[in-house]
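Colleague: As input, take protein.tsv (TSV, C-alpha atoms and all ligand atoms):
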```
chain	number	residue	atom	x	y	z
A	1	MET	CA	-129.60	111.96	43.99
A	2	PRO	CA	-130.40	108.60	42.41
A	3	PHE	CA	-132.06	110.13	39.39
A	4	VAL	CA	-132.80	107.72	36.56
A	5	PRO	CA	-133.01	109.42	33.14
A	6	TYR	CA	-136.09	108.69	31.05
A	7	GLN	CA	-135.69	106.40	28.07
A	8	ARG	CA	-138.74	107.96	26.41
A	9	PRO	CA	-140.26	111.43	26.00
A	10	VAL	CA	-140.97	113.03	29.36
A	11	ARG	CA	-144.67	113.27	30.24
A	12	ALA	CA	-145.16	116.86	31.33
A	13	ALA	CA	-147.91	119.09	32.68
A	14	PHE	CA	-148.17	122.86	32.88
A	15	ILE	CA	-149.39	124.02	36.30
A	16	GLY	CA	-150.51	127.61	35.81
A	17	LEU	CA	-151.35	128.94	32.35
A	18	GLY	CA	-150.92	132.68	32.76
A	19	VAL	CA	-148.69	135.28	31.12
A	20	VAL	CA	-145.34	133.52	31.39
A	21	TYR	CA	-146.75	130.38	29.76
A	22	ASP	CA	-146.34	132.15	26.40
A	23	LEU	CA	-142.60	132.28	27.00
A	24	ASN	CA	-142.10	128.90	28.68
A	25	VAL	CA	-144.09	126.99	26.13
A	26	ARG	CA	-141.35	127.67	23.59
A	27	GLY	CA	-139.18	124.98	25.17
A	28	TYR	CA	-141.96	122.43	24.72
A	29	LEU	CA	-143.22	123.13	21.21
A	30	ASP	CA	-141.78	120.84	18.52
A	31	ASN	CA	-139.64	119.12	21.14
A	32	PRO	CA	-139.33	115.33	20.76
A	33	ASP	CA	-138.06	115.08	24.36
A	34	VAL	CA	-141.51	115.81	25.76
A	35	GLU	CA	-145.15	114.89	25.56
A	36	VAL	CA	-147.46	117.47	27.14
A	37	VAL	CA	-150.17	115.40	28.79
A	38	ALA	CA	-151.99	117.87	31.05
A	39	LEU	CA	-152.81	121.53	31.62
A	40	VAL	CA	-153.88	122.90	35.01
A	41	ASP	CA	-155.35	126.26	35.92
A	42	PRO	CA	-158.39	127.30	37.98
A	43	ASP	CA	-159.23	129.83	35.25
A	44	ALA	CA	-161.45	128.20	32.59
A	45	GLU	CA	-160.61	130.84	29.98
A	46	ARG	CA	-156.90	130.15	30.36
A	47	ARG	CA	-157.52	126.40	30.07
A	48	ALA	CA	-159.49	126.85	26.86
A	49	GLN	CA	-156.90	129.25	25.43
A	50	ARG	CA	-153.93	126.97	26.13
A	51	GLN	CA	-155.69	123.79	25.06
A	52	ARG	CA	-155.46	125.10	21.51
A	53	ASP	CA	-151.69	124.44	21.73
A	54	TRP	CA	-152.17	120.92	23.13
A	55	PRO	CA	-155.50	119.50	21.92
A	56	ASP	CA	-154.67	116.02	23.25
A	57	ALA	CA	-153.75	117.17	26.75
A	58	ALA	CA	-156.19	116.60	29.63
A	59	VAL	CA	-157.24	119.75	31.47
A	60	PHE	CA	-157.82	120.21	35.19
A	61	ALA	CA	-158.72	123.07	37.51
A	62	THR	CA	-156.30	121.96	40.24
A	63	ALA	CA	-153.11	119.95	40.58
A	64	ALA	CA	-154.91	117.74	43.11
A	65	GLU	CA	-157.44	116.76	40.43
A	66	LEU	CA	-154.63	115.90	38.04
A	67	ALA	CA	-152.88	113.85	40.73
A	68	GLY	CA	-156.12	112.00	41.49
A	69	SER	CA	-156.88	111.31	37.84
A	70	GLY	CA	-154.42	108.47	37.46
A	71	LEU	CA	-152.79	110.16	34.46
A	72	GLY	CA	-149.06	109.46	34.30
A	73	VAL	CA	-146.96	112.62	34.75
A	74	ASP	CA	-143.18	112.73	35.17
A	75	ALA	CA	-142.47	116.44	35.47
A	76	VAL	CA	-144.35	119.70	35.78
A	77	GLU	CA	-143.68	123.23	34.63
A	78	ALA	CA	-144.80	125.22	37.69
A	79	LEU	CA	-146.00	128.65	36.53
A	80	LEU	CA	-147.82	129.61	39.71
A	81	PRO	CA	-148.15	133.12	41.13
A	82	ALA	CA	-144.96	133.62	43.16
A	83	PRO	CA	-146.71	133.87	46.57
A	84	LEU	CA	-148.07	130.34	45.96
A	85	HIS	CA	-144.61	128.78	45.49
A	86	ALA	CA	-144.03	128.17	49.20
A	87	ASP	CA	-146.99	125.79	49.55
A	88	GLY	CA	-147.56	124.89	45.92
A	89	ILE	CA	-144.10	123.56	45.03
A	90	PRO	CA	-143.89	121.11	47.97
A	91	GLU	CA	-147.41	119.98	47.01
A	92	LEU	CA	-146.32	119.24	43.43
A	93	LEU	CA	-143.23	117.36	44.67
A	94	ASP	CA	-145.43	115.38	47.06
A	95	TYR	CA	-147.48	114.16	44.09
A	96	GLY	CA	-144.26	112.54	42.87
A	97	TRP	CA	-143.48	114.93	40.03
A	98	HIS	CA	-140.16	116.54	39.15
A	99	VAL	CA	-140.66	120.31	39.22
A	100	ASN	CA	-139.30	123.07	37.03
A	101	ALA	CA	-140.14	126.15	39.13
A	102	GLN	CA	-140.00	129.84	38.37
A	103	LYS	CA	-138.15	132.54	40.22
A	104	PRO	CA	-138.34	133.95	42.82
A	105	MET	CA	-138.08	130.57	44.52
A	106	CYS	CA	-139.73	131.87	47.73
A	107	ASN	CA	-139.41	134.73	50.19
A	108	ASP	CA	-137.40	133.22	53.03
A	109	LEU	CA	-135.12	130.37	54.03
A	110	THR	CA	-137.78	128.51	56.00
A	111	ASP	CA	-139.88	128.07	52.88
A	112	ALA	CA	-136.80	127.19	50.84
A	113	ARG	CA	-135.97	124.46	53.35
A	114	ARG	CA	-139.50	123.05	53.03
A	115	MET	CA	-139.03	122.85	49.27
A	116	LEU	CA	-135.66	121.13	49.54
A	117	ASP	CA	-137.04	118.71	52.14
A	118	ALA	CA	-140.03	117.87	49.92
A	119	ALA	CA	-137.74	117.16	46.96
A	120	LYS	CA	-135.55	114.92	49.10
A	121	ALA	CA	-138.45	113.10	50.78
A	122	ASN	CA	-140.04	112.33	47.42
A	123	ASP	CA	-136.77	111.61	45.63
A	124	ARG	CA	-137.69	114.16	42.96
A	125	VAL	CA	-135.67	116.88	41.24
A	126	LEU	CA	-136.50	120.52	41.92
A	127	ARG	CA	-135.10	122.98	39.43
A	128	VAL	CA	-135.57	126.74	39.74
A	129	MET	CA	-135.16	127.74	36.12
A	130	GLU	CA	-133.06	130.80	35.35
A	131	ASN	CA	-133.65	131.81	31.76
A	132	TYR	CA	-131.09	134.64	31.85
A	133	LEU	CA	-128.36	132.00	32.01
A	134	PHE	CA	-129.56	130.95	28.56
A	135	TYR	CA	-129.66	134.43	27.00
A	136	GLU	CA	-127.07	134.15	24.26
A	137	PRO	CA	-125.42	137.58	24.74
A	138	LEU	CA	-124.91	136.77	28.44
A	139	ARG	CA	-123.56	133.31	27.60
A	140	LYS	CA	-121.11	134.92	25.21
A	141	LEU	CA	-120.21	137.49	27.87
A	142	LYS	CA	-119.28	134.63	30.20
A	143	ALA	CA	-117.32	132.84	27.49
A	144	THR	CA	-115.45	136.07	26.68
A	145	ALA	CA	-114.47	136.59	30.32
A	146	GLU	CA	-113.33	132.97	30.60
A	147	SER	CA	-111.34	133.14	27.35
A	148	GLY	CA	-108.85	135.63	28.80
A	149	GLU	CA	-109.55	138.07	25.96
A	150	ILE	CA	-110.17	140.99	28.34
A	151	GLY	CA	-107.69	139.78	30.98
A	152	ASP	CA	-108.63	138.60	34.47
A	153	PRO	CA	-112.01	139.99	35.53
A	154	VAL	CA	-111.76	142.69	38.18
A	155	GLY	CA	-115.26	144.17	38.26
A	156	TYR	CA	-118.88	143.52	37.31
A	157	HIS	CA	-121.44	146.28	36.76
A	158	ILE	CA	-125.13	145.83	36.06
A	159	LYS	CA	-127.30	148.82	35.25
A	160	MET	CA	-131.05	148.61	35.04
A	161	VAL	CA	-133.53	151.37	34.33
A	162	ALA	CA	-137.10	150.28	34.91
A	163	ASN	CA	-138.83	152.46	32.35
A	164	GLY	CA	-142.55	152.95	32.37
A	165	LEU	CA	-143.49	152.88	28.71
A	166	GLY	CA	-143.04	150.45	25.82
A	167	ALA	CA	-143.94	146.99	27.17
A	168	THR	CA	-145.96	144.69	24.94
A	169	ILE	CA	-146.85	142.14	27.60
A	170	GLU	CA	-149.92	143.31	29.46
A	171	THR	CA	-150.13	142.41	33.12
A	172	PRO	CA	-153.65	141.15	33.97
A	173	PRO	CA	-155.18	142.60	37.18
A	174	ALA	CA	-154.81	139.27	39.03
A	175	SER	CA	-151.07	139.12	38.25
A	176	PHE	CA	-150.65	142.72	39.32
A	177	GLU	CA	-152.40	141.86	42.58
A	178	TRP	CA	-150.02	139.02	43.53
A	179	GLN	CA	-147.04	141.21	42.63
A	180	MET	CA	-148.40	143.86	44.98
A	181	GLU	CA	-148.96	141.19	47.64
A	182	ASN	CA	-145.30	140.23	47.53
A	183	MET	CA	-144.36	143.91	47.57
A	184	ARG	CA	-146.37	144.35	50.77
A	185	ARG	CA	-144.43	141.41	52.21
A	186	GLY	CA	-141.21	143.33	51.57
A	187	ARG	CA	-140.24	141.53	48.37
A	188	GLY	CA	-140.45	144.20	45.71
A	189	ILE	CA	-140.85	143.89	41.98
A	190	LEU	CA	-137.46	145.33	41.02
A	191	VAL	CA	-135.00	144.18	43.68
A	192	PHE	CA	-136.53	140.79	44.46
A	193	ASP	CA	-138.68	139.71	41.53
A	194	ASP	CA	-136.63	141.01	38.60
A	195	GLY	CA	-133.50	141.35	40.70
A	196	TRP	CA	-133.47	137.58	41.20
A	197	HIS	CA	-132.20	137.31	37.62
A	198	LYS	CA	-129.55	139.98	38.06
A	199	LEU	CA	-128.20	138.44	41.26
A	200	SER	CA	-128.20	135.02	39.58
A	201	THR	CA	-125.90	136.26	36.82
A	202	ALA	CA	-123.32	137.35	39.42
A	203	LEU	CA	-123.25	133.93	41.09
A	204	TRP	CA	-123.15	132.20	37.71
A	205	LEU	CA	-120.25	134.32	36.46
A	206	PHE	CA	-118.06	134.66	39.53
A	207	GLY	CA	-119.18	132.12	42.14
A	208	PRO	CA	-119.78	132.47	45.88
A	209	ILE	CA	-120.19	135.87	47.52
A	210	CYS	CA	-118.68	136.79	50.88
A	211	GLU	CA	-120.07	140.29	51.48
A	212	VAL	CA	-123.08	142.33	50.38
A	213	ARG	CA	-123.87	146.01	51.00
A	214	ALA	CA	-127.12	147.59	49.88
A	215	TRP	CA	-129.20	150.75	49.84
A	216	ILE	CA	-132.75	149.87	48.83
A	217	GLY	CA	-135.01	152.83	48.18
A	218	THR	CA	-138.72	153.33	47.55
A	219	THR	CA	-140.76	155.34	45.10
A	220	SER	CA	-144.42	155.56	46.08
A	221	PHE	CA	-147.40	155.90	43.77
A	222	GLY	CA	-150.22	156.68	46.16
A	223	PRO	CA	-150.67	154.99	49.53
A	224	ASP	CA	-150.60	151.38	48.29
A	225	ILE	CA	-147.99	151.07	45.57
A	226	HIS	CA	-144.35	151.27	46.57
A	227	ILE	CA	-141.71	150.40	44.00
A	228	ASP	CA	-138.31	149.40	45.36
A	229	ALA	CA	-136.13	151.91	43.49
A	230	PRO	CA	-133.77	153.69	43.40
A	231	SER	CA	-131.69	150.83	44.76
A	232	THR	CA	-128.02	149.93	44.69
A	233	ILE	CA	-126.50	146.62	45.75
A	234	MET	CA	-122.75	146.02	45.98
A	235	TRP	CA	-120.95	142.78	46.73
A	236	GLU	CA	-117.65	140.97	46.73
A	237	HIS	CA	-117.10	137.44	45.46
A	238	GLU	CA	-114.77	135.06	47.24
A	239	ASN	CA	-112.46	135.33	44.21
A	240	GLY	CA	-112.08	139.08	44.86
A	241	VAL	CA	-114.26	140.37	42.00
A	242	ARG	CA	-116.51	143.20	43.13
A	243	GLY	CA	-119.94	143.78	41.65
A	244	VAL	CA	-122.57	146.48	41.70
A	245	TRP	CA	-126.15	146.52	40.49
A	246	ASP	CA	-127.93	149.81	40.22
A	247	THR	CA	-131.64	150.05	39.48
A	248	THR	CA	-133.46	153.27	38.75
A	249	LEU	CA	-137.06	154.07	37.92
A	250	ALA	CA	-137.85	156.24	34.89
A	251	VAL	CA	-141.63	156.18	34.65
A	252	ASP	CA	-141.97	158.38	31.58
A	253	MET	CA	-139.20	156.78	29.52
A	254	TYR	CA	-140.28	154.90	26.41
A	255	LEU	CA	-138.27	151.90	25.17
A	256	ARG	CA	-139.90	149.59	22.70
A	257	SER	CA	-140.04	145.98	23.85
A	258	ASP	CA	-141.64	142.78	22.63
A	259	TYR	CA	-141.98	141.76	26.30
A	260	TYR	CA	-141.42	143.65	29.56
A	261	THR	CA	-139.46	146.82	28.99
A	262	ASN	CA	-136.21	147.67	30.79
A	263	ASP	CA	-132.98	149.39	29.86
A	264	GLU	CA	-130.31	146.93	30.97
A	265	ARG	CA	-126.53	146.54	30.72
A	266	TRP	CA	-124.10	143.98	32.04
A	267	GLU	CA	-120.42	144.85	31.95
A	268	ILE	CA	-117.38	142.86	33.01
A	269	THR	CA	-114.20	144.85	33.41
A	270	GLY	CA	-111.04	142.85	32.91
A	271	LYS	CA	-107.42	143.84	33.45
A	272	ARG	CA	-107.02	144.41	29.67
A	273	GLY	CA	-110.45	145.49	28.49
A	274	TYR	CA	-114.16	145.08	28.99
A	275	ALA	CA	-117.15	143.21	27.63
A	276	ARG	CA	-120.66	144.63	27.76
A	277	VAL	CA	-124.14	143.32	27.00
A	278	ASN	CA	-126.17	146.30	25.85
A	279	ARG	CA	-129.76	145.17	26.25
A	280	CYS	CA	-132.07	142.31	27.08
A	281	THR	CA	-135.87	142.50	27.47
A	282	GLY	CA	-136.25	145.94	25.86
A	283	ARG	CA	-134.91	147.31	22.62
A	284	GLY	CA	-132.64	149.75	24.39
A	285	ILE	CA	-129.29	150.71	22.89
A	286	GLN	CA	-129.43	149.77	19.20
A	287	GLU	CA	-125.80	148.64	19.16
A	288	PRO	CA	-124.61	145.06	18.86
A	289	SER	CA	-126.00	143.15	21.84
A	290	LEU	CA	-122.42	142.37	22.97
A	291	GLU	CA	-119.36	144.58	22.61
A	292	VAL	CA	-115.85	143.62	23.59
A	293	TYR	CA	-113.04	146.12	23.99
A	294	ALA	CA	-109.38	145.15	24.34
A	295	ASP	CA	-106.03	146.55	23.25
A	296	GLY	CA	-107.50	149.62	21.58
A	297	GLN	CA	-110.05	147.73	19.50
A	298	MET	CA	-113.78	147.33	19.87
A	299	ARG	CA	-115.52	144.24	18.53
A	300	GLY	CA	-119.30	144.06	18.13
A	301	TYR	CA	-121.35	140.87	17.98
A	302	HIS	CA	-124.22	141.55	15.60
A	303	ALA	CA	-125.51	138.03	15.04
A	304	LEU	CA	-126.22	136.68	18.51
A	305	ASP	CA	-129.74	135.51	19.26
A	306	ASP	CA	-130.66	138.50	21.41
A	307	ASP	CA	-134.39	137.76	21.47
A	308	TRP	CA	-135.10	137.43	25.19
A	309	ALA	CA	-137.80	134.81	24.56
A	310	SER	CA	-135.17	132.45	23.15
A	311	SER	CA	-133.70	132.19	26.64
A	312	PHE	CA	-136.96	130.60	27.84
A	313	ARG	CA	-136.95	128.22	24.89
A	314	ASP	CA	-133.39	127.14	25.57
A	315	SER	CA	-133.87	126.87	29.33
A	316	GLY	CA	-136.92	124.65	28.80
A	317	ARG	CA	-135.15	122.48	26.26
A	318	HIS	CA	-132.20	122.15	28.63
A	319	TRP	CA	-134.47	120.92	31.43
A	320	LEU	CA	-136.21	118.35	29.25
A	321	GLN	CA	-132.89	117.19	27.83
A	322	TRP	CA	-131.54	116.94	31.37
A	323	LEU	CA	-134.47	114.69	32.35
A	324	ARG	CA	-133.66	112.50	29.35
A	325	THR	CA	-129.92	112.23	30.10
A	326	GLY	CA	-129.20	113.44	33.66
A	327	GLU	CA	-126.10	115.10	32.24
A	328	GLY	CA	-124.70	118.54	33.03
A	329	ASP	CA	-125.84	121.32	35.35
A	330	LEU	CA	-129.50	122.03	36.03
A	331	LEU	CA	-129.07	125.82	35.85
A	332	TRP	CA	-130.29	126.23	38.60
A	333	SER	CA	-130.55	123.41	41.09
A	334	ALA	CA	-132.65	124.15	44.17
A	335	ASP	CA	-129.45	124.49	46.23
A	336	GLU	CA	-128.08	127.08	43.80
A	337	ALA	CA	-131.37	128.96	43.95
A	338	VAL	CA	-131.05	129.11	47.73
A	339	GLU	CA	-127.74	130.95	47.21
A	340	VAL	CA	-129.60	133.53	45.11
A	341	LEU	CA	-132.16	133.87	47.90
A	342	ARG	CA	-129.38	134.30	50.48
A	343	PHE	CA	-127.83	137.02	48.30
A	344	ALA	CA	-131.13	138.93	48.19
A	345	LEU	CA	-131.75	138.45	51.93
A	346	ALA	CA	-128.24	139.74	52.69
A	347	ALA	CA	-129.05	142.86	50.63
A	348	TYR	CA	-132.23	143.45	52.65
A	349	GLU	CA	-130.37	142.98	55.92
A	350	SER	CA	-127.61	145.34	54.84
A	351	SER	CA	-130.07	148.01	53.72
A	352	ALA	CA	-131.95	147.76	57.02
A	353	HIS	CA	-128.66	148.49	58.83
A	354	GLN	CA	-127.43	151.53	56.87
A	355	GLY	CA	-125.50	149.49	54.33
A	356	LYS	CA	-123.35	147.39	56.67
A	357	GLY	CA	-121.52	144.45	55.14
A	358	VAL	CA	-123.45	141.17	55.38
A	359	ASP	CA	-122.11	137.71	54.59
A	360	PRO	CA	-124.92	135.87	52.75
A	361	ARG	CA	-123.87	132.61	54.44
A	362	SER	CA	-124.69	134.18	57.82
A	363	VAL	CA	-128.25	135.13	56.88
A	364	ASP	CA	-130.72	133.32	59.07
A	401	LIG	N1	-138.42	134.03	34.24
A	401	LIG	C1	-139.01	135.21	34.05
A	401	LIG	O1	-138.40	136.14	33.52
A	401	LIG	C2	-140.44	135.39	34.48
A	401	LIG	C3	-141.24	136.35	33.87
A	401	LIG	C4	-142.56	136.49	34.30
A	401	LIG	C5	-143.05	135.69	35.33
A	401	LIG	N2	-142.22	134.78	35.91
A	401	LIG	C6	-142.70	133.93	37.02
A	401	LIG	O2	-143.67	133.01	36.53
A	401	LIG	C7	-144.65	132.74	37.52
A	401	LIG	C8	-146.02	133.02	36.92
A	401	LIG	O3	-146.07	134.35	36.48
A	401	LIG	P1	-147.17	134.86	35.45
A	401	LIG	O4	-146.73	136.21	35.02
A	401	LIG	O5	-147.47	133.83	34.44
A	401	LIG	O6	-148.42	135.02	36.43
A	401	LIG	P2	-149.97	135.07	36.02
A	401	LIG	O7	-150.66	135.68	37.18
A	401	LIG	O8	-150.13	135.68	34.67
A	401	LIG	O9	-150.37	133.54	35.87
A	401	LIG	C9	-150.52	132.67	36.96
A	401	LIG	C10	-151.54	131.62	36.55
A	401	LIG	O10	-151.61	130.66	37.62
A	401	LIG	C11	-152.98	130.32	37.79
A	401	LIG	N3	-153.14	129.78	39.13
A	401	LIG	C12	-153.43	130.43	40.29
A	401	LIG	N4	-153.50	129.54	41.31
A	401	LIG	C13	-153.24	128.31	40.77
A	401	LIG	C14	-153.15	127.01	41.31
A	401	LIG	N5	-153.32	126.78	42.63
A	401	LIG	N6	-152.88	125.98	40.49
A	401	LIG	C15	-152.68	126.18	39.16
A	401	LIG	N7	-152.74	127.40	38.60
A	401	LIG	C16	-153.01	128.46	39.40
A	401	LIG	C17	-153.72	131.61	37.55
A	401	LIG	O11	-155.09	131.39	37.25
A	401	LIG	C18	-152.95	132.19	36.37
A	401	LIG	O12	-153.48	131.77	35.13
A	401	LIG	C19	-144.29	133.60	38.72
A	401	LIG	O13	-143.53	132.86	39.61
A	401	LIG	C20	-143.42	134.70	38.10
A	401	LIG	O14	-142.50	135.25	39.03
A	401	LIG	C21	-140.95	134.61	35.48
```
Hey, can you dump this file as structure tokens for me?
Modeller:
Amino acid sequence: MPFVPYQRPVRAAFIGLGVVYDLNVRGYLDNPDVEVVALVDPDAERRAQRQRDWPDAAVFATAAELAGSGLGVDAVEALLPAPLHADGIPELLDYGWHVNAQKPMCNDLTDARRMLDAAKANDRVLRVMENYLFYEPLRKLKATAESGEIGDPVGYHIKMVANGLGATIETPPASFEWQMENMRRGRGILVFDDGWHKLSTALWLFGPICEVRAWIGTTSFGPDIHIDAPSTIMWEHENGVRGVWDTTLAVDMYLRSDYYTNDERWEITGKRGYARVNRCTGRGIQEPSLEVYADGQMRGYHALDDDWASSFRDSGRHWLQWLRTGEGDLLWSADEAVEVLRFALAAYESSAHQGKGVDPRSVD
């Protein structure tokens, strides 16, 4: 892609000013790489609330109004409800803006293709940000595996308990409604929405996947709310490493969290030892956020930045720095995000066929 880095601060706009803005804005505050020039949201209260952070930014109810205003914008932070990505992201690319999009990219490969085509047609960069790849304990987990300290990796285990009590972030009714809409379309909140992050870590750590097997369950709360747990997804990477992600629902469990609450663990088993991240969004196990065992000794990392919000800050800074220099990986590019989507779609296909093995590259 003939991308030309900017020789000046990037002119950016936020498109969507809801809950996740509070996390994403951290990459933009006090950042000399960016000038926030516009804020867009149909909700007037949100516009007024967020304008306090950026008093000089212009505000608009729609992206079309911003595009028609003549204001110069280089890149946008797309924080739209997920069901709007399929139409909304091509629209933003068509206005000639680079786009930093949120997960889940979209629900199927047809919509993903439309996004990739729009980026190509407009000669713009589409990034699907993955903040977990910037969470310091997970970065250190990767570095530990690559250092040889625990020997060659032979297995990867992710455990997630979606607990019901302890979240600080409140989900407004409108956000809950679009989550439920995606659930009704077969893209549930645990396996697809949150799971997008978990599947991403596998691809990031161990590369392409050749086979996926899954058993996706449902727990119903009345006739309309169906949560996609208990669920278990297993896979094998082309390099031979096998992985498993298990997600369980524990509605009455309390775990204090500054954000969304979950009890989460990521563990790489190597030939000589293991390395485990003990928590992420919730304040689960009060042990060091990363522990490494090898040769009869356990080492704990007590001083990593294990505040989940820092991963948003660092992901945002990375994107803006990338626009300034064009150097390094996007984490994730749109093509890499399509691999995450294929991984999830392979899990759905496997589960629909009693757990048969599915090659994500064969998913149509
Ligand atoms: N990376 C993560 O861990 C993480 C966490 C939470 C949410 N997300 C993602 O962030 C995105 C937004 O989530 P959220 O929780 O902020 O949702 P939200 O519902 O709180 O906010 C969405 C905002 O978009 C606005 N909006 C609706 N239609 C719009 C349009 N056409 N143009 C501009 N704005 C519009 C709404 O008024 C609302 O303010 C979703 O894709 C979600 O999956 C990611």
Colleague: Residues contacting ligand LIG 401 (chain A) - anything with an atom at most 6 Å away, using only C-alpha atoms and all ligand atoms - can you give me those as a list of chain:residue names?
Modeller: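 What falls inside 6 Å of ligand LIG 401 (chain A) is A:Ile15, A:Gly16, A:Leu17, A:Gly18, A:Val19, A:Val20, A:Tyr21, A:Val40, A:Asp41, A:Pro42, A:Asp43, A:Thr62, A:Leu79, A:Leu80, A:Pro81, A:Ala82, A:Gln102, A:Lys103, A:Pro104, A:Asn131, A:Ala174, A:Ser175.
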Colleague: Would you save the residues of that selection, restricted to C-alpha atoms, as a compact mmCIF listing (two decimals), in the frame of the given file?
Modeller:
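Printed below is out_37.txt as written:
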```txt
# COMPACT_ATOMS: atom_id res chain seq x y z
CA ILE A 15 -149.39 124.02 36.30
CA GLY A 16 -150.51 127.61 35.81
CA LEU A 17 -151.35 128.94 32.35
CA GLY A 18 -150.92 132.68 32.76
CA VAL A 19 -148.69 135.28 31.12
CA VAL A 20 -145.34 133.52 31.39
CA TYR A 21 -146.75 130.38 29.76
CA VAL A 40 -153.88 122.90 35.01
CA ASP A 41 -155.35 126.26 35.92
CA PRO A 42 -158.39 127.30 37.98
CA ASP A 43 -159.23 129.83 35.25
CA THR A 62 -156.30 121.96 40.24
CA LEU A 79 -146.00 128.65 36.53
CA LEU A 80 -147.82 129.61 39.71
CA PRO A 81 -148.15 133.12 41.13
CA ALA A 82 -144.96 133.62 43.16
CA GLN A 102 -140.00 129.84 38.37
CA LYS A 103 -138.15 132.54 40.22
CA PRO A 104 -138.34 133.95 42.82
CA ASN A 131 -133.65 131.81 31.76
CA ALA A 174 -154.81 139.27 39.03
CA SER A 175 -151.07 139.12 38.25
```
Colleague: Show me, as a Markdown table, the residues of range 101-212 of chain A having an atom within 8 Å of range 243-246 of chain A, each with the closest atom pair and its distance in Å, using all atoms listed in the file.
Modeller:
```
| residue | atom | partner | partner_atom | distance |
| --- | --- | --- | --- | --- |
| A:Gly155 | CA | A:Gly243 | CA | 5.8 |
| A:Tyr156 | CA | A:Gly243 | CA | 4.5 |
| A:His157 | CA | A:Val244 | CA | 5.1 |
| A:Ile158 | CA | A:Trp245 | CA | 4.6 |
| A:Lys159 | CA | A:Asp246 | CA | 5.1 |
| A:Met160 | CA | A:Asp246 | CA | 6.2 |
| A:Lys198 | CA | A:Trp245 | CA | 7.8 |
| A:Ala202 | CA | A:Gly243 | CA | 7.6 |
```
Colleague: Would you be able to write out as number ranges by chain which residues have an atom within 12 Å of (-141.3, 121.7, 23.8) in the file's coordinates, counting all atoms listed in the file?
Modeller: A: 9-14, 21-37, 53-54, 77, 312-321
Colleague: Determine, counting all atoms listed in the file, which protein, DNA and RNA residues have an atom within 8 Å of an atom of Leu141 in chain A; residues of the same chain fewer than 2 positions away are not included. Present the result as a PyMOL selection string.
Modeller: chain A and resi 137-139+143-145+268+275-277+290
Colleague: For those residues, write C-alpha atoms to a file as a JSON list (two decimals), in the coordinates of the input.
Modeller:
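Writing done, so here's again39.json:
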```
[["chain", "number", "residue", "atom", "x", "y", "z"],
["A", 137, "PRO", "CA", -125.42, 137.58, 24.74],
["A", 138, "LEU", "CA", -124.91, 136.77, 28.44],
["A", 139, "ARG", "CA", -123.56, 133.31, 27.60],
["A", 143, "ALA", "CA", -117.32, 132.84, 27.49],
["A", 144, "THR", "CA", -115.45, 136.07, 26.68],
["A", 145, "ALA", "CA", -114.47, 136.59, 30.32],
["A", 268, "ILE", "CA", -117.38, 142.86, 33.01],
["A", 275, "ALA", "CA", -117.15, 143.21, 27.63],
["A", 276, "ARG", "CA", -120.66, 144.63, 27.76],
["A", 277, "VAL", "CA", -124.14, 143.32, 27.00],
["A", 290, "LEU", "CA", -122.42, 142.37, 22.97]]
```
Colleague: Taking all atoms listed in the file into account, which of A:Glu136, A:Pro83, A:Thr218, A:Gly270 comes nearest Glu181 in chain A?
Modeller: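 Smallest distance to Glu181 in chain A is found for A:Pro83.
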Colleague: Can you tell me, as a PyMOL selection string, what residues are no more than 9 Å from Gly284 in chain A when counting all atoms listed in the file, ignoring any on the same chain fewer than 4 positions away?
Modeller: chain A and resi 255-257+261-264+278-280
Colleague: Show me, as an NGL selection string, the residues that have an atom within 10 Å of Leu330 in chain A when counting all atoms listed in the file, minus same-chain residues fewer than 4 positions from it.
Modeller: :A and (100 or 125-130 or 315 or 318-319 or 322-323 or 326 or 334 or 336)
Colleague: Restricted to C-alpha atoms, what would the selected residues look like written as a PDB file, in the coordinates of the input?
Modeller:
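So the final result, stored in part-v1.pdb, reads:
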```pdb
ATOM      1  CA  ASN A 100    -139.300 123.070  37.030  1.00  0.00           C
ATOM      2  CA  VAL A 125    -135.670 116.880  41.240  1.00  0.00           C
ATOM      3  CA  LEU A 126    -136.500 120.520  41.920  1.00  0.00           C
ATOM      4  CA  ARG A 127    -135.100 122.980  39.430  1.00  0.00           C
ATOM      5  CA  VAL A 128    -135.570 126.740  39.740  1.00  0.00           C
ATOM      6  CA  MET A 129    -135.160 127.740  36.120  1.00  0.00           C
ATOM      7  CA  GLU A 130    -133.060 130.800  35.350  1.00  0.00           C
ATOM      8  CA  SER A 315    -133.870 126.870  29.330  1.00  0.00           C
ATOM      9  CA  HIS A 318    -132.200 122.150  28.630  1.00  0.00           C
ATOM     10  CA  TRP A 319    -134.470 120.920  31.430  1.00  0.00           C
ATOM     11  CA  TRP A 322    -131.540 116.940  31.370  1.00  0.00           C
ATOM     12  CA  LEU A 323    -134.470 114.690  32.350  1.00  0.00           C
ATOM     13  CA  GLY A 326    -129.200 113.440  33.660  1.00  0.00           C
ATOM     14  CA  ALA A 334    -132.650 124.150  44.170  1.00  0.00           C
ATOM     15  CA  GLU A 336    -128.080 127.080  43.800  1.00  0.00           C
TER      16      GLU A 336
END
```
Colleague: Which is closest to Leu84 in chain A among A:Ser351, A:Thr110, A:Gln179, A:Thr171, if we use all atoms listed in the file?
Modeller: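 Once distances to Leu84 in chain A are computed over all atoms listed in the file, the minimum belongs to A:Gln179.
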Colleague: For a quick check of understanding, using all atoms listed in the file, which of A:Asp108, A:Asp224, A:Glu91, A:Asp252 has the smallest distance to Ala121 in chain A?
Modeller: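 Ranking A:Asp108, A:Asp224, A:Glu91, A:Asp252 by distance to Ala121 in chain A, first place goes to A:Glu91.
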